[in-house]
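The file input_17.pdb comes next; it holds PDB, C-alpha atoms.
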MODEL        1
ATOM      1  CA  MET L   1       0.000   0.000   0.000  1.00  0.00           C
ATOM      2  CA  SER L   2       1.148   3.529  -0.757  1.00  0.00           C
ATOM      3  CA  ALA L   3       2.635   5.557   2.065  1.00  0.00           C
ATOM      4  CA  PHE L   4       0.646   8.524   0.719  1.00  0.00           C
ATOM      5  CA  SER L   5      -3.033   8.562   1.647  1.00  0.00           C
ATOM      6  CA  PRO L   6      -5.498  10.369  -0.639  1.00  0.00           C
ATOM      7  CA  ASP L   7      -5.558  13.259   1.843  1.00  0.00           C
ATOM      8  CA  LYS L   8      -1.758  13.416   1.827  1.00  0.00           C
ATOM      9  CA  ILE L   9      -1.682  13.421  -1.977  1.00  0.00           C
ATOM     10  CA  LEU L  10      -4.141  16.313  -2.056  1.00  0.00           C
ATOM     11  CA  ASP L  11      -2.060  18.220   0.492  1.00  0.00           C
ATOM     12  CA  LEU L  12       1.072  17.624  -1.592  1.00  0.00           C
ATOM     13  CA  VAL L  13      -0.642  18.842  -4.767  1.00  0.00           C
ATOM     14  CA  ILE L  14      -1.902  21.966  -3.012  1.00  0.00           C
ATOM     15  CA  SER L  15       1.521  22.776  -1.564  1.00  0.00           C
ATOM     16  CA  HIS L  16       3.481  21.716  -4.690  1.00  0.00           C
ATOM     17  CA  PRO L  17       1.047  22.653  -7.477  1.00  0.00           C
ATOM     18  CA  ILE L  18       3.199  21.848 -10.515  1.00  0.00           C
ATOM     19  CA  VAL L  19       2.935  18.218 -11.606  1.00  0.00           C
ATOM     20  CA  PRO L  20       5.246  16.961 -14.365  1.00  0.00           C
ATOM     21  CA  VAL L  21       3.525  14.688 -16.885  1.00  0.00           C
ATOM     22  CA  PHE L  22       6.163  12.489 -18.475  1.00  0.00           C
ATOM     23  CA  TYR L  23       6.902   9.252 -20.299  1.00  0.00           C
ATOM     24  CA  HIS L  24      10.144   7.812 -21.618  1.00  0.00           C
ATOM     25  CA  PRO L  25      11.002   4.191 -22.434  1.00  0.00           C
ATOM     26  CA  ASP L  26      14.510   4.386 -20.980  1.00  0.00           C
ATOM     27  CA  SER L  27      14.767   3.911 -17.210  1.00  0.00           C
ATOM     28  CA  THR L  28      18.073   5.726 -16.840  1.00  0.00           C
ATOM     29  CA  HIS L  29      16.778   8.823 -18.589  1.00  0.00           C
ATOM     30  CA  ALA L  30      13.513   8.696 -16.657  1.00  0.00           C
ATOM     31  CA  ARG L  31      15.420   8.510 -13.377  1.00  0.00           C
ATOM     32  CA  SER L  32      17.435  11.605 -14.270  1.00  0.00           C
ATOM     33  CA  ILE L  33      14.242  13.529 -15.074  1.00  0.00           C
ATOM     34  CA  VAL L  34      12.544  12.549 -11.822  1.00  0.00           C
ATOM     35  CA  GLN L  35      15.641  13.390  -9.789  1.00  0.00           C
ATOM     36  CA  ALA L  36      15.990  16.804 -11.441  1.00  0.00           C
ATOM     37  CA  CYS L  37      12.335  17.603 -10.707  1.00  0.00           C
ATOM     38  CA  TYR L  38      12.788  16.494  -7.106  1.00  0.00           C
ATOM     39  CA  ASP L  39      15.966  18.536  -6.679  1.00  0.00           C
ATOM     40  CA  GLY L  40      14.147  21.533  -8.135  1.00  0.00           C
ATOM     41  CA  GLY L  41      11.482  21.253  -5.440  1.00  0.00           C
ATOM     42  CA  LEU L  42       8.616  19.248  -6.941  1.00  0.00           C
ATOM     43  CA  ARG L  43       6.993  16.534  -4.857  1.00  0.00           C
ATOM     44  CA  VAL L  44       4.291  15.068  -7.128  1.00  0.00           C
ATOM     45  CA  PHE L  45       5.147  13.338 -10.421  1.00  0.00           C
ATOM     46  CA  GLU L  46       2.880  11.711 -13.012  1.00  0.00           C
ATOM     47  CA  PHE L  47       4.441   9.072 -15.245  1.00  0.00           C
ATOM     48  CA  THR L  48       2.135   8.190 -18.122  1.00  0.00           C
ATOM     49  CA  ASN L  49       1.076   4.795 -19.414  1.00  0.00           C
ATOM     50  CA  ARG L  50       1.781   5.645 -23.034  1.00  0.00           C
ATOM     51  CA  GLY L  51       4.224   3.045 -24.311  1.00  0.00           C
ATOM     52  CA  ASP L  52       5.150  -0.626 -24.224  1.00  0.00           C
ATOM     53  CA  MET L  53       7.837   0.038 -21.614  1.00  0.00           C
ATOM     54  CA  ALA L  54       5.590   2.004 -19.273  1.00  0.00           C
ATOM     55  CA  LEU L  55       5.148  -0.702 -16.634  1.00  0.00           C
ATOM     56  CA  PRO L  56       8.771  -1.881 -16.281  1.00  0.00           C
ATOM     57  CA  VAL L  57      10.119   1.670 -16.361  1.00  0.00           C
ATOM     58  CA  PHE L  58       7.528   2.777 -13.802  1.00  0.00           C
ATOM     59  CA  ALA L  59       8.374  -0.135 -11.512  1.00  0.00           C
ATOM     60  CA  ASP L  60      12.037   0.832 -11.710  1.00  0.00           C
ATOM     61  CA  LEU L  61      11.185   4.465 -10.972  1.00  0.00           C
ATOM     62  CA  ILE L  62       9.201   3.484  -7.911  1.00  0.00           C
ATOM     63  CA  ARG L  63      12.221   1.651  -6.483  1.00  0.00           C
ATOM     64  CA  TYR L  64      14.478   4.573  -7.336  1.00  0.00           C
ATOM     65  CA  VAL L  65      12.170   7.199  -5.840  1.00  0.00           C
ATOM     66  CA  ARG L  66      11.669   5.287  -2.600  1.00  0.00           C
ATOM     67  CA  GLU L  67      15.423   5.287  -2.089  1.00  0.00           C
ATOM     68  CA  ASN L  68      16.444   8.658  -3.484  1.00  0.00           C
ATOM     69  CA  CYS L  69      13.374  10.942  -3.441  1.00  0.00           C
ATOM     70  CA  PRO L  70      11.524   9.851  -0.289  1.00  0.00           C
ATOM     71  CA  ASP L  71       9.124  12.794  -0.138  1.00  0.00           C
ATOM     72  CA  MET L  72       7.936  12.425  -3.730  1.00  0.00           C
ATOM     73  CA  ALA L  73       4.592  10.849  -4.633  1.00  0.00           C
ATOM     74  CA  MET L  74       4.839   8.891  -7.901  1.00  0.00           C
ATOM     75  CA  GLY L  75       1.592   8.435  -9.789  1.00  0.00           C
ATOM     76  CA  ILE L  76       0.584   6.758 -12.993  1.00  0.00           C
ATOM     77  CA  GLY L  77      -1.421   8.553 -15.668  1.00  0.00           C
ATOM     78  CA  THR L  78      -3.345   7.593 -18.792  1.00  0.00           C
ATOM     79  CA  ILE L  79      -5.162   4.773 -17.004  1.00  0.00           C
ATOM     80  CA  LEU L  80      -8.357   3.650 -18.728  1.00  0.00           C
ATOM     81  CA  THR L  81      -9.211   0.252 -17.240  1.00  0.00           C
ATOM     82  CA  PRO L  82      -9.361  -1.361 -13.798  1.00  0.00           C
ATOM     83  CA  ALA L  83      -6.845  -3.972 -14.988  1.00  0.00           C
ATOM     84  CA  ASP L  84      -4.315  -1.280 -15.836  1.00  0.00           C
ATOM     85  CA  ALA L  85      -4.956   0.425 -12.499  1.00  0.00           C
ATOM     86  CA  ASP L  86      -4.280  -2.837 -10.668  1.00  0.00           C
ATOM     87  CA  ARG L  87      -1.073  -3.505 -12.608  1.00  0.00           C
ATOM     88  CA  PHE L  88       0.435  -0.135 -11.783  1.00  0.00           C
ATOM     89  CA  LEU L  89      -0.827  -0.146  -8.208  1.00  0.00           C
ATOM     90  CA  ASP L  90       0.854  -3.529  -7.779  1.00  0.00           C
ATOM     91  CA  ALA L  91       4.039  -1.834  -9.023  1.00  0.00           C
ATOM     92  CA  GLY L  92       3.691   0.795  -6.279  1.00  0.00           C
ATOM     93  CA  ALA L  93       1.805   3.764  -7.746  1.00  0.00           C
ATOM     94  CA  ASP L  94       0.863   6.374  -5.144  1.00  0.00           C
ATOM     95  CA  PHE L  95      -2.036   7.749  -7.179  1.00  0.00           C
ATOM     96  CA  VAL L  96      -3.885   7.106 -10.444  1.00  0.00           C
ATOM     97  CA  VAL L  97      -4.726   9.747 -13.053  1.00  0.00           C
ATOM     98  CA  GLN L  98      -7.210   9.274 -15.886  1.00  0.00           C
ATOM     99  CA  PRO L  99      -7.896  11.273 -19.072  1.00  0.00           C
ATOM    100  CA  VAL L 100     -11.583  10.359 -18.543  1.00  0.00           C
ATOM    101  CA  THR L 101     -13.769   9.307 -15.623  1.00  0.00           C
ATOM    102  CA  THR L 102     -14.248   5.569 -15.254  1.00  0.00           C
ATOM    103  CA  ALA L 103     -16.168   4.600 -12.130  1.00  0.00           C
ATOM    104  CA  ALA L 104     -14.629   1.118 -12.110  1.00  0.00           C
ATOM    105  CA  VAL L 105     -11.120   2.589 -11.916  1.00  0.00           C
ATOM    106  CA  GLY L 106     -12.280   4.763  -9.045  1.00  0.00           C
ATOM    107  CA  ASP L 107     -13.584   1.649  -7.291  1.00  0.00           C
ATOM    108  CA  VAL L 108     -10.181  -0.023  -7.592  1.00  0.00           C
ATOM    109  CA  CYS L 109      -8.405   2.998  -6.152  1.00  0.00           C
ATOM    110  CA  ARG L 110     -10.901   3.355  -3.317  1.00  0.00           C
ATOM    111  CA  ALA L 111     -10.633  -0.349  -2.415  1.00  0.00           C
ATOM    112  CA  ARG L 112      -6.858  -0.071  -2.327  1.00  0.00           C
ATOM    113  CA  GLY L 113      -6.776   3.228  -0.415  1.00  0.00           C
ATOM    114  CA  VAL L 114      -5.033   5.338  -3.056  1.00  0.00           C
ATOM    115  CA  SER L 115      -5.838   8.686  -4.596  1.00  0.00           C
ATOM    116  CA  TRP L 116      -7.872   8.707  -7.813  1.00  0.00           C
ATOM    117  CA  VAL L 117      -7.746  11.709 -10.157  1.00  0.00           C
ATOM    118  CA  PRO L 118     -10.292  11.333 -12.981  1.00  0.00           C
ATOM    119  CA  ALA L 119     -10.821  13.911 -15.706  1.00  0.00           C
ATOM    120  CA  GLY L 120     -13.586  15.970 -17.235  1.00  0.00           C
ATOM    121  CA  SER L 121     -14.019  18.889 -19.599  1.00  0.00           C
ATOM    122  CA  THR L 122     -17.563  19.964 -18.692  1.00  0.00           C
ATOM    123  CA  LEU L 123     -19.077  21.044 -15.408  1.00  0.00           C
ATOM    124  CA  ASN L 124     -21.331  17.998 -15.373  1.00  0.00           C
ATOM    125  CA  GLU L 125     -18.402  15.592 -15.928  1.00  0.00           C
ATOM    126  CA  ILE L 126     -16.376  17.271 -13.208  1.00  0.00           C
ATOM    127  CA  TYR L 127     -19.272  17.266 -10.764  1.00  0.00           C
ATOM    128  CA  GLN L 128     -20.045  13.613 -11.450  1.00  0.00           C
ATOM    129  CA  ALA L 129     -16.398  12.773 -10.755  1.00  0.00           C
ATOM    130  CA  THR L 130     -16.688  14.411  -7.344  1.00  0.00           C
ATOM    131  CA  LEU L 131     -19.877  12.432  -6.637  1.00  0.00           C
ATOM    132  CA  LEU L 132     -17.888   9.273  -7.375  1.00  0.00           C
ATOM    133  CA  GLY L 133     -15.406  10.272  -4.696  1.00  0.00           C
ATOM    134  CA  ALA L 134     -12.700  12.293  -6.445  1.00  0.00           C
ATOM    135  CA  GLY L 135     -11.165  14.941  -4.203  1.00  0.00           C
ATOM    136  CA  LEU L 136      -9.143  16.351  -7.092  1.00  0.00           C
ATOM    137  CA  VAL L 137     -10.368  16.377 -10.692  1.00  0.00           C
ATOM    138  CA  LYS L 138      -8.210  16.783 -13.772  1.00  0.00           C
ATOM    139  CA  VAL L 139      -9.478  19.276 -16.342  1.00  0.00           C
ATOM    140  CA  PHE L 140      -8.419  17.983 -19.734  1.00  0.00           C
ATOM    141  CA  PRO L 141      -7.671  19.165 -22.361  1.00  0.00           C
ATOM    142  CA  GLY L 142      -6.895  22.541 -20.863  1.00  0.00           C
ATOM    143  CA  ASN L 143      -6.014  24.175 -24.163  1.00  0.00           C
ATOM    144  CA  VAL L 144      -9.548  23.476 -25.410  1.00  0.00           C
ATOM    145  CA  VAL L 145     -11.495  24.832 -22.429  1.00  0.00           C
ATOM    146  CA  GLY L 146      -9.187  27.706 -21.406  1.00  0.00           C
ATOM    147  CA  PRO L 147      -8.827  29.658 -18.128  1.00  0.00           C
ATOM    148  CA  ASP L 148     -12.195  31.389 -18.578  1.00  0.00           C
ATOM    149  CA  PHE L 149     -13.872  27.992 -18.222  1.00  0.00           C
ATOM    150  CA  ILE L 150     -12.239  27.553 -14.816  1.00  0.00           C
ATOM    151  CA  LYS L 151     -13.443  30.989 -13.707  1.00  0.00           C
ATOM    152  CA  ALA L 152     -16.976  30.199 -14.845  1.00  0.00           C
ATOM    153  CA  ILE L 153     -17.328  26.851 -13.090  1.00  0.00           C
ATOM    154  CA  LYS L 154     -15.678  28.029  -9.881  1.00  0.00           C
ATOM    155  CA  GLY L 155     -18.516  30.542  -9.558  1.00  0.00           C
ATOM    156  CA  PRO L 156     -21.262  28.045  -8.697  1.00  0.00           C
ATOM    157  CA  MET L 157     -18.811  25.482  -7.239  1.00  0.00           C
ATOM    158  CA  PRO L 158     -15.979  27.391  -5.547  1.00  0.00           C
ATOM    159  CA  GLY L 159     -14.883  24.345  -3.559  1.00  0.00           C
ATOM    160  CA  LEU L 160     -13.765  22.344  -6.595  1.00  0.00           C
ATOM    161  CA  LYS L 161     -10.152  21.190  -6.543  1.00  0.00           C
ATOM    162  CA  LEU L 162      -8.964  21.184 -10.150  1.00  0.00           C
ATOM    163  CA  MET L 163      -5.713  20.221 -11.859  1.00  0.00           C
ATOM    164  CA  VAL L 164      -5.575  21.403 -15.447  1.00  0.00           C
ATOM    165  CA  THR L 165      -3.457  19.467 -17.955  1.00  0.00           C
ATOM    166  CA  GLY L 166      -2.965  19.910 -21.688  1.00  0.00           C
ATOM    167  CA  GLY L 167      -1.691  23.127 -23.180  1.00  0.00           C
ATOM    168  CA  VAL L 168      -0.226  24.516 -19.945  1.00  0.00           C
ATOM    169  CA  GLU L 169       3.028  26.261 -20.755  1.00  0.00           C
ATOM    170  CA  PRO L 170       5.920  26.904 -18.344  1.00  0.00           C
ATOM    171  CA  THR L 171       5.641  30.680 -18.829  1.00  0.00           C
ATOM    172  CA  ILE L 172       4.501  33.556 -16.655  1.00  0.00           C
ATOM    173  CA  ASP L 173       1.543  34.330 -18.912  1.00  0.00           C
ATOM    174  CA  SER L 174       0.223  30.765 -19.024  1.00  0.00           C
ATOM    175  CA  LEU L 175       0.731  29.956 -15.346  1.00  0.00           C
ATOM    176  CA  SER L 176      -0.645  33.304 -14.227  1.00  0.00           C
ATOM    177  CA  ALA L 177      -3.795  32.827 -16.296  1.00  0.00           C
ATOM    178  CA  TRP L 178      -4.514  29.361 -14.917  1.00  0.00           C
ATOM    179  CA  PHE L 179      -3.780  30.006 -11.248  1.00  0.00           C
ATOM    180  CA  ARG L 180      -5.599  33.311 -11.174  1.00  0.00           C
ATOM    181  CA  ALA L 181      -8.564  31.566 -12.777  1.00  0.00           C
ATOM    182  CA  GLY L 182      -8.695  29.280  -9.743  1.00  0.00           C
ATOM    183  CA  VAL L 183      -6.945  25.977 -10.493  1.00  0.00           C
ATOM    184  CA  THR L 184      -5.430  24.052  -7.616  1.00  0.00           C
ATOM    185  CA  ALA L 185      -2.547  22.752  -9.706  1.00  0.00           C
ATOM    186  CA  VAL L 186      -1.275  22.358 -13.246  1.00  0.00           C
ATOM    187  CA  GLY L 187       0.142  19.358 -15.047  1.00  0.00           C
ATOM    188  CA  ILE L 188       2.896  20.242 -17.525  1.00  0.00           C
ATOM    189  CA  GLY L 189       4.052  17.783 -20.155  1.00  0.00           C
ATOM    190  CA  SER L 190       6.581  17.972 -22.975  1.00  0.00           C
ATOM    191  CA  GLN L 191       7.048  21.732 -22.793  1.00  0.00           C
ATOM    192  CA  LEU L 192       8.610  21.390 -19.359  1.00  0.00           C
ATOM    193  CA  PHE L 193      11.281  19.090 -20.746  1.00  0.00           C
ATOM    194  CA  SER L 194      12.094  20.913 -23.987  1.00  0.00           C
ATOM    195  CA  GLY L 195      14.086  24.019 -24.756  1.00  0.00           C
ATOM    196  CA  GLN L 196      17.682  25.018 -25.267  1.00  0.00           C
ATOM    197  CA  SER L 197      19.007  22.514 -22.756  1.00  0.00           C
ATOM    198  CA  THR L 198      17.587  19.222 -21.551  1.00  0.00           C
ATOM    199  CA  SER L 199      20.323  18.504 -19.017  1.00  0.00           C
ATOM    200  CA  PRO L 200      19.248  17.535 -15.479  1.00  0.00           C
ATOM    201  CA  ASP L 201      20.831  20.690 -14.073  1.00  0.00           C
ATOM    202  CA  ALA L 202      18.944  22.894 -16.518  1.00  0.00           C
ATOM    203  CA  LEU L 203      15.679  21.127 -15.726  1.00  0.00           C
ATOM    204  CA  ARG L 204      16.301  21.455 -11.988  1.00  0.00           C
ATOM    205  CA  ASP L 205      16.869  25.190 -12.354  1.00  0.00           C
ATOM    206  CA  ARG L 206      13.820  25.608 -14.599  1.00  0.00           C
ATOM    207  CA  VAL L 207      11.640  23.805 -12.074  1.00  0.00           C
ATOM    208  CA  ALA L 208      12.949  25.885  -9.168  1.00  0.00           C
ATOM    209  CA  ALA L 209      12.230  29.095 -11.093  1.00  0.00           C
ATOM    210  CA  LEU L 210       8.696  27.946 -11.925  1.00  0.00           C
ATOM    211  CA  ILE L 211       8.005  27.128  -8.278  1.00  0.00           C
ATOM    212  CA  THR L 212       9.038  30.647  -7.297  1.00  0.00           C
ATOM    213  CA  LEU L 213       6.877  32.078 -10.068  1.00  0.00           C
ATOM    214  CA  VAL L 214       3.791  30.098  -9.118  1.00  0.00           C
ATOM    215  CA  SER L 215       4.122  30.991  -5.444  1.00  0.00           C
ATOM    216  CA  SER L 216       3.484  34.616  -6.376  1.00  0.00           C
ATOM    217  CA  PHE L 217       0.072  33.718  -7.839  1.00  0.00           C
ATOM    218  CA  ILE L 218      -1.214  31.680  -4.900  1.00  0.00           C
ATOM    219  CA  PRO L 219      -2.950  33.520  -2.045  1.00  0.00           C
ATOM    220  CA  LYS L 220      -1.117  33.220   1.245  1.00  0.00           C
ATOM    221  CA  PRO L 221      -3.060  31.807   4.239  1.00  0.00           C
ATOM    222  CA  ALA L 222      -4.485  34.497   6.485  1.00  0.00           C
TER     223      ALA L 222
ENDMDL
END

Encoded form using structure tokens:
Amino acid sequence: MSAFSPDKILDLVISHPIVPVFYHPDSTHARSIVQACYDGGLRVFEFTNRGDMALPVFADLIRYVRENCPDMAMGIGTILTPADADRFLDAGADFVVQPVTTAAVGDVCRARGVSWVPAGSTLNEIYQATLLGAGLVKVFPGNVVGPDFIKAIKGPMPGLKLMVTGGVEPTIDSLSAWFRAGVTAVGIGSQLFSGQSTSPDALRDRVAALITLVSSFIPKPA
């Protein structure tokens, strides 16, 4: 069983609201990416089930993270079926992220005591996900709905905890728009890992700078 309860995962996402979304078929490269993100200050990481090597690489990452990044929660994304959820939970996943909402996947996560993050792109889909027990809902694809959608749905449902993924850019304009619209967190994919340099040190520094940037958008507790 994961050392991170659903409540702990939510707390981590709230306090570390940038979540890398990443897949690579090479374990050594994946380790270097996770370590750089950890050293930069991130504590929640989503590895995606998007290739034939996803399960063995993820299992290796879980072992690596437990030893070298003890405060990091490692989740698996792009989960569509209960069977896939079970396979990655058996490998040690701390949370499960979906691009859709599948009640049966939620049932697996609930039975095994791990956090479930389903997705929606309409208010009804998001609300139904919360009725099924999701404490945090992924808004996907973010580039289709836009920050104004977040502002609109937070009006009637201000208590929603939302993580937007898809089209989020690691820039001041993009991050400012999403956080000021009311998201709890953002998931950033390939754009976080591209640019002039893809070295671990460059990624670590980029992540640290983004954390500082995002902290300026988030209201401080009274």

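Using all atoms listed in the file, the smallest distance between any of L:Gln35, L:Val13, L:Ala85, L:Val137 and Glu67 of chain L comes from L:Gln35.
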
Residue neighbourhood segment 127-133 of chain L, 9 Å, all atoms listed in the file, exclusion window fewer than 2 positions, as JSON, numbers by chain: {"L": [101, 102, 103, 106, 107, 110, 116, 117, 118, 119, 120, 122, 123, 124, 125, 135, 136, 137, 157, 160]}

Restricting the output to C-alpha atoms, write the selected residues as a PDB file, keeping the file's coordinate frame.
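Result saved to selection12.pdb:
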ATOM      1  CA  THR L 101     -13.769   9.307 -15.623  1.00  0.00           C
ATOM      2  CA  THR L 102     -14.248   5.569 -15.254  1.00  0.00           C
ATOM      3  CA  ALA L 103     -16.168   4.600 -12.130  1.00  0.00           C
ATOM      4  CA  GLY L 106     -12.280   4.763  -9.045  1.00  0.00           C
ATOM      5  CA  ASP L 107     -13.584   1.649  -7.291  1.00  0.00           C
ATOM      6  CA  ARG L 110     -10.901   3.355  -3.317  1.00  0.00           C
ATOM      7  CA  TRP L 116      -7.872   8.707  -7.813  1.00  0.00           C
ATOM      8  CA  VAL L 117      -7.746  11.709 -10.157  1.00  0.00           C
ATOM      9  CA  PRO L 118     -10.292  11.333 -12.981  1.00  0.00           C
ATOM     10  CA  ALA L 119     -10.821  13.911 -15.706  1.00  0.00           C
ATOM     11  CA  GLY L 120     -13.586  15.970 -17.235  1.00  0.00           C
ATOM     12  CA  THR L 122     -17.563  19.964 -18.692  1.00  0.00           C
ATOM     13  CA  LEU L 123     -19.077  21.044 -15.408  1.00  0.00           C
ATOM     14  CA  ASN L 124     -21.331  17.998 -15.373  1.00  0.00           C
ATOM     15  CA  GLU L 125     -18.402  15.592 -15.928  1.00  0.00           C
ATOM     16  CA  GLY L 135     -11.165  14.941  -4.203  1.00  0.00           C
ATOM     17  CA  LEU L 136      -9.143  16.351  -7.092  1.00  0.00           C
ATOM     18  CA  VAL L 137     -10.368  16.377 -10.692  1.00  0.00           C
ATOM     19  CA  MET L 157     -18.811  25.482  -7.239  1.00  0.00           C
ATOM     20  CA  LEU L 160     -13.765  22.344  -6.595  1.00  0.00           C
TER      21      LEU L 160
END

Closest of L:Phe193, L:Lys151, L:Pro141, L:Val19 to Arg206 of chain L - atom-to-atom distances counting all atoms listed in the file: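 Of L:Phe193, L:Lys151, L:Pro141, L:Val19, the one nearest Arg206 of chain L is L:Phe193, counting all atoms listed in the file.
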
Atomic separation - atom CA of Met163 of chain L relative to atom CA of Ala104 of chain L, Å: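 Taking atom CA of Ala104 of chain L as the start and atom CA of Met163 of chain L as the end point, the length is 21.1 Å.
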
Residue contacts of Phe140 of chain L (8 Å, all atoms listed in the file) excluding same-chain residues fewer than 4 positions away, as an NGL selection string: :L and (99 or 119-121 or 144-145 or 164-166)

Straight-line distance linking atom CA of Leu203 of chain L with atom CA of Gly40 of chain L, stated in Å to one decimal: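 Atom CA of Gly40 of chain L lies 7.8 Å from atom CA of Leu203 of chain L.
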
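In this comparison, which uses all atoms listed in the file, the residue of L:Lys138, L:Arg43, L:Lys8, L:Lys161 approaching Cys69 of chain L most closely is L:Arg43.
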
Distance in Å - atom CA of Leu55 of chain L versus atom CA of Ser27 of chain L: 10.7 Å

As a check of understanding, name the residues that the PyMOL selection byres ((chain L and resi 190) around 9) selects in the supplied structure, as an mmCIF file with C-alpha atoms, in the frame of the given file.
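Wrote it out as result_3.cif, contents follow:
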data_model
loop_
_atom_site.group_PDB
_atom_site.id
_atom_site.type_symbol
_atom_site.label_atom_id
_atom_site.label_comp_id
_atom_site.auth_asym_id
_atom_site.auth_seq_id
_atom_site.Cartn_x
_atom_site.Cartn_y
_atom_site.Cartn_z
ATOM 1 C CA PRO L 20 5.246 16.961 -14.365
ATOM 2 C CA VAL L 21 3.525 14.688 -16.885
ATOM 3 C CA PHE L 22 6.163 12.489 -18.475
ATOM 4 C CA ILE L 188 2.896 20.242 -17.525
ATOM 5 C CA GLY L 189 4.052 17.783 -20.155
ATOM 6 C CA GLN L 191 7.048 21.732 -22.793
ATOM 7 C CA LEU L 192 8.610 21.390 -19.359
ATOM 8 C CA PHE L 193 11.281 19.090 -20.746
ATOM 9 C CA SER L 194 12.094 20.913 -23.987
#

Evaluate the PyMOL selection byres ((chain L and resi 14) around 12) and report residues as an MDAnalysis selection string: chainID L and resid 7:13 15:19 42:44 135:136 161:163 179 183:186 214:215 218:219

Shortest interatomic distance to Arg87 of chain L - which of L:Thr212, L:Thr28, L:Asn49, L:Asn68, counting all atoms listed in the file: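 Under the stated criterion, the closest residue is L:Asn49.
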
Residues within 8 Å of Pro82 of chain L, all atoms listed in the file, excluding chain neighbours under 2 positions, as an NGL selection string: :L and (80 or 84-86 or 104-105 or 108)

Residue among L:Ile150, L:Leu213, L:Ala73, L:Ala202 lying closest to Thr171 of chain L, counting only C-alpha atoms: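 Closest to Thr171 of chain L, using only C-alpha atoms: L:Leu213.
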
Reconstruct N, CA, C and O atoms of segment 152-163 of chain L from the incomplete input and present them as a PDB file, keeping the file's coordinate frame.
ATOM      1  N   ALA L 152     -15.525  30.359 -14.765  1.00  0.00           N
ATOM      2  CA  ALA L 152     -16.976  30.199 -14.845  1.00  0.00           C
ATOM      3  C   ALA L 152     -17.476  29.105 -13.918  1.00  0.00           C
ATOM      4  O   ALA L 152     -18.481  29.287 -13.219  1.00  0.00           O
ATOM      5  N   ILE L 153     -16.811  27.956 -13.895  1.00  0.00           N
ATOM      6  CA  ILE L 153     -17.328  26.851 -13.090  1.00  0.00           C
ATOM      7  C   ILE L 153     -17.006  27.005 -11.609  1.00  0.00           C
ATOM      8  O   ILE L 153     -17.703  26.454 -10.753  1.00  0.00           O
ATOM      9  N   LYS L 154     -15.979  27.789 -11.291  1.00  0.00           N
ATOM     10  CA  LYS L 154     -15.678  28.029  -9.881  1.00  0.00           C
ATOM     11  C   LYS L 154     -16.700  28.968  -9.253  1.00  0.00           C
ATOM     12  O   LYS L 154     -16.795  29.039  -8.027  1.00  0.00           O
ATOM     13  N   GLY L 155     -17.468  29.675 -10.086  1.00  0.00           N
ATOM     14  CA  GLY L 155     -18.516  30.542  -9.558  1.00  0.00           C
ATOM     15  C   GLY L 155     -19.561  29.760  -8.775  1.00  0.00           C
ATOM     16  O   GLY L 155     -19.736  29.978  -7.568  1.00  0.00           O
ATOM     17  N   PRO L 156     -20.258  28.811  -9.422  1.00  0.00           N
ATOM     18  CA  PRO L 156     -21.262  28.045  -8.697  1.00  0.00           C
ATOM     19  C   PRO L 156     -20.682  26.960  -7.796  1.00  0.00           C
ATOM     20  O   PRO L 156     -21.361  26.478  -6.886  1.00  0.00           O
ATOM     21  N   MET L 157     -19.424  26.557  -8.034  1.00  0.00           N
ATOM     22  CA  MET L 157     -18.811  25.482  -7.239  1.00  0.00           C
ATOM     23  C   MET L 157     -17.400  25.890  -6.809  1.00  0.00           C
ATOM     24  O   MET L 157     -16.397  25.340  -7.276  1.00  0.00           O
ATOM     25  N   PRO L 158     -17.300  26.856  -5.916  1.00  0.00           N
ATOM     26  CA  PRO L 158     -15.979  27.391  -5.547  1.00  0.00           C
ATOM     27  C   PRO L 158     -15.083  26.387  -4.835  1.00  0.00           C
ATOM     28  O   PRO L 158     -13.872  26.580  -4.765  1.00  0.00           O
ATOM     29  N   GLY L 159     -15.672  25.316  -4.307  1.00  0.00           N
ATOM     30  CA  GLY L 159     -14.883  24.345  -3.559  1.00  0.00           C
ATOM     31  C   GLY L 159     -14.186  23.307  -4.415  1.00  0.00           C
ATOM     32  O   GLY L 159     -13.439  22.476  -3.896  1.00  0.00           O
ATOM     33  N   LEU L 160     -14.397  23.327  -5.721  1.00  0.00           N
ATOM     34  CA  LEU L 160     -13.765  22.344  -6.595  1.00  0.00           C
ATOM     35  C   LEU L 160     -12.251  22.437  -6.522  1.00  0.00           C
ATOM     36  O   LEU L 160     -11.676  23.526  -6.542  1.00  0.00           O
ATOM     37  N   LYS L 161     -11.609  21.268  -6.457  1.00  0.00           N
ATOM     38  CA  LYS L 161     -10.152  21.190  -6.543  1.00  0.00           C
ATOM     39  C   LYS L 161      -9.817  20.663  -7.940  1.00  0.00           C
ATOM     40  O   LYS L 161     -10.163  19.529  -8.279  1.00  0.00           O
ATOM     41  N   LEU L 162      -9.166  21.491  -8.738  1.00  0.00           N
ATOM     42  CA  LEU L 162      -8.964  21.184 -10.150  1.00  0.00           C
ATOM     43  C   LEU L 162      -7.487  21.234 -10.527  1.00  0.00           C
ATOM     44  O   LEU L 162      -6.767  22.160 -10.135  1.00  0.00           O
ATOM     45  N   MET L 163      -7.053  20.236 -11.290  1.00  0.00           N
ATOM     46  CA  MET L 163      -5.713  20.221 -11.859  1.00  0.00           C
ATOM     47  C   MET L 163      -5.845  20.225 -13.374  1.00  0.00           C
ATOM     48  O   MET L 163      -6.342  19.260 -13.965  1.00  0.00           O
TER      49      MET L 163
END
